[in-house]
Amino acid sequence: MIDFDSVWLTLRLAFFSTLILMLLATPLAYWLARTDAAIKPLVEAVTALPLVLPPTVLGFYLLILFSPNSHIGSMWVEATGQTLSFSFTGILIASVVHSLPFAVQPLQASLEAVGQRPEELARSLGARPLDAFLSITVPMARRGFLTAAVLGFAHTVGEFGVILMVGGNIPGRTRVISIDIYTSVETLDYSRAHALSILMLCFSFVVLLLVFVVNRRYPIRT
Amino acid sequence: MQLNINTETRLGDFVLSVDESVHVSGVMALLGPSGSGKTTLLRTLCGLERRARGLIRVDGEAWLNTARKICLPVHRRGVGMMFQTPYMFPHMSVRGNLLYGWRRKEQREGPDLDTVLDVLDLGHLLDNRGDQLSGGERQRAALGRTLLSAPRMLLLDEPLSAQDPRRKSEILPYLKRTIGEFDLPVIYVSHAVDEVMTMASHVLHIHDGKIQAADRIEAEHRPELEPLLVKARQHTKTNDGLAKFSVGGSEIVAESDLEARPGSMVLLAIDPSNMLVSTESEIAALNAGSLPCTIRAIHEQKQAAGITLELNGNGKLFRFSHPLAGRASPELRVGQLVFLTLARPARIVGERSGSGRRQSAM
């Protein structure tokens, strides 16, 4: 009988990393969409790095950063008594970093499409900046927000290399579905690999279908 | 409303530099060609221009004081801004749009909802989606939304320039009713003199980022001068009620509701209040065309200040005695080549020069 530890772990990881992603990516995308600062291309390039870097490279640097010998790693050990590497928190941070461009880019594109005029108008009508953003810009850019959240979630679910590098393969703690499938194949447990793979296939298909259906229902209006 | 502005706004190479104290009651017009800084001045006033430096005081209250790090946020200035093309929030109904500012106006007393709906004739549009309105309806709804936010001052940024002539005449009465009904200080930006001359009590002329002159227009001095009549040959087909005509060797645009065909001769009337005199071809920015003229005389009497121009290639002498004549470029000489720029299209008042002048009422 298949145990579903890795499935629950993956869902938990994807849920929290999507949550954190949206909180980080929204202000970042907003800034990128509005600024004409000289460092904008630099920030854009850094944000997009996880798209081109091999996951092993990103994972390697994060592993070094998280190790108890580094500043951040040792501070974390002092504060919590646990190491960042080979922990759920560690793979959560790694997922957020790795999926950041998938959330930032659709958000930035939709915020650029909406432009700043609706928000300026709202402010001239008496809305505070945050109020204007939430009541005008967010609903107008909702497609971007939806795409960002779905891509962020799906990309986290499908992650392999970064998690393997940073979290290893600890059942119940860092063994997510993709690593579970890899391990099953390694140990010649093909029936388990089959079950988990078909689950992933169906999930990915349903998510993409959902995105395209929703995009059809809510065309961009400006 | 007492307005003290002493600001500098740098946008790349362009610098808007303003040092004016004006008392705005009723309508103050801000006139100038495209790119002269009109919109930047409005954005500076309402707090949207972050690069503005200096001082702005309104009725003694500091809105901007860079030295003391004061910059009153946009939502607390109570400035109702109307943009060039009317904009409705597309994810809300017209009702939602109208009530957006109304719900956020805090304690300020503003116009009553029913009065606004009535004056602007909006009642039957409430349940439409914002982006389903026609251009004219949208302009009225945007005006209503601004009024309902209980502004202390209205800033209208060329509210008619994006509209075709027919729609202009549809909106203008509503605009005048609004200004009459709600008694708000209004700054009205335009490059069309005639649009504002009938409403404004003050005119500020802005050119290349600087205020050139301030005029007070007494009601009895508002110009009612004879229009300049010129023969012209139509040479494009009528499109959106407009067509191009050639006068001498130059091209101007006129409203053409008649079924005139390319090649036909018409008589065009150009209202003096519709003309600007300029020395360079900055006029390219205006799309209604311009006529080269030569200055034949300059009249400096107080009561009848103005200039006499000869229309080049036509020989016709024309006394241009608008009180604003020559304001844009004060160094005019006799014999100088200048351009009569039309701030909006001319009107056709008759067909075929020979068949008599069927002059229409103004």
# chains A, B, ... in the order shown; residues from 1 in each chain; ligands from 1
$ closest_atom_pairs --of "chain A" --to "chain B" --cutoff "12 Å" --atoms "only C-alpha atoms" --output "tab-separated table"
residue	atom	partner	partner_atom	distance
A:Asp36	CA	B:Gly12	CA	11.9
A:Val114	CA	B:Pro90	CA	10.7
A:Gln116	CA	B:Leu48	CA	10.6
A:Arg117	CA	B:Tyr87	CA	9.0
A:Pro118	CA	B:Phe89	CA	7.0
A:Glu119	CA	B:Phe89	CA	9.7
A:Glu120	CA	B:Leu48	CA	7.1
A:Leu121	CA	B:Met81	CA	7.4
A:Ala122	CA	B:Gly101	CA	7.6
A:Arg123	CA	B:His75	CA	5.0
A:Ser124	CA	B:His75	CA	5.4
A:Leu125	CA	B:Gly101	CA	4.7
A:Gly126	CA	B:His75	CA	4.1
A:Ala127	CA	B:His75	CA	5.6
A:Arg128	CA	B:His75	CA	5.9
A:Pro129	CA	B:His75	CA	8.1
A:Leu130	CA	B:His75	CA	11.2
A:Asp131	CA	B:Arg104	CA	10.1
A:Ala132	CA	B:His75	CA	9.8
A:Ser135	CA	B:Tyr100	CA	9.6
A:Ile136	CA	B:Phe89	CA	7.4
A:Thr137	CA	B:Phe89	CA	9.7
A:Val138	CA	B:His91	CA	10.5
A:Pro139	CA	B:His91	CA	7.2
A:Met140	CA	B:His91	CA	6.7
A:Ala141	CA	B:His91	CA	10.3
A:Arg142	CA	B:His91	CA	10.5
A:Tyr218	CA	B:His91	CA	10.7
A:Pro219	CA	B:His91	CA	11.4
A:Ile220	CA	B:Pro90	CA	10.0
A:Arg221	CA	B:Pro90	CA	6.7
A:Thr222	CA	B:Pro90	CA	6.4
$ select_by_dssp --residues "stretch 118-218 of chain A" --states "helix (DSSP H, G or I)" --output "PyMOL selection string"
chain A and resi 118-124+129-140+142-157+161-167+177-186+190-217
$ residues_around --residues "B:Ala243" --least-positions-apart "3" --cutoff "9 Å" --atoms "only C-alpha atoms" --output "PyMOL selection string"
chain B and resi 234-240+252-256
$ write_last_selection --atoms "all heavy atoms" --output "tab-separated table (two decimals), in the first residue's frame"
chain	number	residue	atom	x	y	z
B	234	GLN	N	-11.43	72.59	-50.95
B	234	GLN	CA	-11.36	71.32	-50.22
B	234	GLN	C	-10.48	70.35	-50.98
B	234	GLN	O	-10.59	70.22	-52.18
B	234	GLN	CB	-12.77	70.74	-50.07
B	234	GLN	CG	-12.77	69.44	-49.28
B	234	GLN	CD	-14.17	69.05	-48.82
B	234	GLN	OE1	-15.13	69.77	-49.04
B	234	GLN	NE2	-14.26	67.90	-48.18
B	235	HIS	N	-9.58	69.67	-50.27
B	235	HIS	CA	-8.82	68.66	-51.01
B	235	HIS	C	-8.70	67.31	-50.34
B	235	HIS	O	-7.94	66.47	-50.77
B	235	HIS	CB	-7.47	69.20	-51.47
B	235	HIS	CG	-6.50	69.47	-50.38
B	235	HIS	ND1	-5.63	68.53	-49.93
B	235	HIS	CD2	-6.27	70.58	-49.66
B	235	HIS	CE1	-4.89	69.05	-48.98
B	235	HIS	NE2	-5.25	70.27	-48.80
B	236	THR	N	-9.46	67.08	-49.29
B	236	THR	CA	-9.59	65.67	-48.86
B	236	THR	C	-11.05	65.39	-48.63
B	236	THR	O	-11.87	66.30	-48.55
B	236	THR	CB	-8.84	65.39	-47.54
B	236	THR	OG1	-9.42	66.19	-46.51
B	236	THR	CG2	-7.36	65.64	-47.67
B	237	LYS	N	-11.37	64.12	-48.52
B	237	LYS	CA	-12.74	63.73	-48.25
B	237	LYS	C	-13.07	64.00	-46.80
B	237	LYS	O	-12.20	64.02	-45.93
B	237	LYS	CB	-12.92	62.23	-48.53
B	237	LYS	CG	-13.15	61.95	-49.99
B	237	LYS	CD	-14.05	60.74	-50.14
B	237	LYS	CE	-13.28	59.51	-50.53
B	237	LYS	NZ	-13.92	58.27	-50.67
B	238	THR	N	-14.34	64.25	-46.53
B	238	THR	CA	-14.78	64.47	-45.16
B	238	THR	C	-14.61	63.20	-44.35
B	238	THR	O	-15.00	62.13	-44.78
B	238	THR	CB	-16.25	64.88	-45.16
B	238	THR	OG1	-16.38	66.03	-45.97
B	238	THR	CG2	-16.73	65.18	-43.77
B	239	ASN	N	-14.01	63.37	-43.16
B	239	ASN	CA	-13.75	62.21	-42.32
B	239	ASN	C	-13.97	62.65	-40.87
B	239	ASN	O	-13.38	63.63	-40.43
B	239	ASN	CB	-12.30	61.77	-42.54
B	239	ASN	CG	-11.96	60.52	-41.76
B	239	ASN	OD1	-12.86	59.85	-41.24
B	239	ASN	ND2	-10.69	60.21	-41.68
B	240	ASP	N	-14.86	61.99	-40.14
B	240	ASP	CA	-15.21	62.40	-38.78
B	240	ASP	C	-15.69	63.86	-38.73
B	240	ASP	O	-15.42	64.57	-37.78
B	240	ASP	CB	-14.01	62.29	-37.82
B	240	ASP	CG	-13.58	60.86	-37.62
B	240	ASP	OD1	-14.45	59.98	-37.79
B	240	ASP	OD2	-12.42	60.63	-37.30
B	252	ILE	N	-5.40	73.98	-43.99
B	252	ILE	CA	-6.03	74.05	-42.68
B	252	ILE	C	-7.16	73.04	-42.61
B	252	ILE	O	-7.62	72.52	-43.62
B	252	ILE	CB	-6.55	75.46	-42.30
B	252	ILE	CG1	-7.62	75.92	-43.29
B	252	ILE	CG2	-5.42	76.45	-42.22
B	252	ILE	CD1	-8.24	77.23	-42.86
B	253	VAL	N	-7.60	72.77	-41.40
B	253	VAL	CA	-8.64	71.78	-41.19
B	253	VAL	C	-9.93	72.50	-40.84
B	253	VAL	O	-9.90	73.49	-40.11
B	253	VAL	CB	-8.24	70.82	-40.04
B	253	VAL	CG1	-9.35	69.84	-39.73
B	253	VAL	CG2	-6.97	70.08	-40.41
B	254	ALA	N	-11.02	72.06	-41.37
B	254	ALA	CA	-12.30	72.67	-41.03
B	254	ALA	C	-13.35	71.60	-40.80
B	254	ALA	O	-13.26	70.49	-41.34
B	254	ALA	CB	-12.74	73.63	-42.12
B	255	GLU	N	-14.33	71.98	-40.01
B	255	GLU	CA	-15.48	71.10	-39.83
B	255	GLU	C	-16.26	71.11	-41.12
B	255	GLU	O	-16.51	72.16	-41.70
B	255	GLU	CB	-16.38	71.65	-38.72
B	255	GLU	CG	-15.71	71.64	-37.37
B	255	GLU	CD	-16.57	72.33	-36.32
B	255	GLU	OE1	-17.77	72.54	-36.59
B	255	GLU	OE2	-16.03	72.65	-35.26
B	256	SER	N	-16.60	69.94	-41.57
B	256	SER	CA	-17.29	69.88	-42.84
B	256	SER	C	-18.46	68.92	-42.75
B	256	SER	O	-18.30	67.72	-42.91
B	256	SER	CB	-16.31	69.44	-43.92
B	256	SER	OG	-16.97	69.25	-45.13
$ closest_residue --among "A:Phe145, A:Phe88, A:Phe102, A:Tyr61" --to "A:Val176" --atoms "only C-alpha atoms"
A:Phe88
$ closest_residue --among "A:Arg173, A:Arg192, A:Arg143, A:Arg216" --to "A:Leu92" --atoms "only C-alpha atoms"
A:Arg173
$ residues_around --residues "A:Trp31" --least-positions-apart "2" --cutoff "12 Å" --atoms "only C-alpha atoms" --output "list in words"
Leu24, Ala25, Thr26, Pro27, Leu28, Ala29, Ala33, Arg34, Thr35, Asp36, Ala37, Ile39, Lys40, Val43, Glu44, Val104, Leu107, Gln108, Ala109, Leu111, Glu112 and Gln116 of chain A
$ write_last_selection --atoms "C-alpha atoms" --output "PDB file, in the first residue's frame"
ATOM      1  CA  LEU A  24       7.264  38.941  -1.893  1.00  0.00           C
ATOM      2  CA  ALA A  25       6.540  39.059  -5.618  1.00  0.00           C
ATOM      3  CA  THR A  26       3.716  41.623  -5.463  1.00  0.00           C
ATOM      4  CA  PRO A  27       5.755  44.545  -4.106  1.00  0.00           C
ATOM      5  CA  LEU A  28       8.745  43.531  -6.230  1.00  0.00           C
ATOM      6  CA  ALA A  29       6.671  43.318  -9.424  1.00  0.00           C
ATOM      7  CA  ALA A  33       6.422  47.874 -13.259  1.00  0.00           C
ATOM      8  CA  ARG A  34       6.542  51.480 -12.040  1.00  0.00           C
ATOM      9  CA  THR A  35      10.173  52.429 -11.631  1.00  0.00           C
ATOM     10  CA  ASP A  36      12.522  53.953 -14.143  1.00  0.00           C
ATOM     11  CA  ALA A  37      15.503  53.574 -11.799  1.00  0.00           C
ATOM     12  CA  ILE A  39      19.149  49.487 -11.390  1.00  0.00           C
ATOM     13  CA  LYS A  40      15.882  48.079 -12.765  1.00  0.00           C
ATOM     14  CA  VAL A  43      17.057  43.565 -10.423  1.00  0.00           C
ATOM     15  CA  GLU A  44      15.177  42.030 -13.350  1.00  0.00           C
ATOM     16  CA  VAL A 104       7.153  38.085 -10.647  1.00  0.00           C
ATOM     17  CA  LEU A 107       2.572  40.041 -12.155  1.00  0.00           C
ATOM     18  CA  GLN A 108       4.905  42.649 -13.609  1.00  0.00           C
ATOM     19  CA  ALA A 109       3.397  42.211 -17.074  1.00  0.00           C
ATOM     20  CA  LEU A 111       0.716  45.628 -13.618  1.00  0.00           C
ATOM     21  CA  GLU A 112       2.427  47.259 -16.584  1.00  0.00           C
ATOM     22  CA  GLN A 116      -0.497  53.797 -13.183  1.00  0.00           C
TER      23      GLN A 116
END
$ atom_distance --atom1 "atom CA of A:Leu84" --atom2 "atom CA of A:Gly172"
15.9 Å
$ atom_distance --atom1 "atom CA of B:Arg95" --atom2 "atom CA of B:Arg129"
8.6 Å
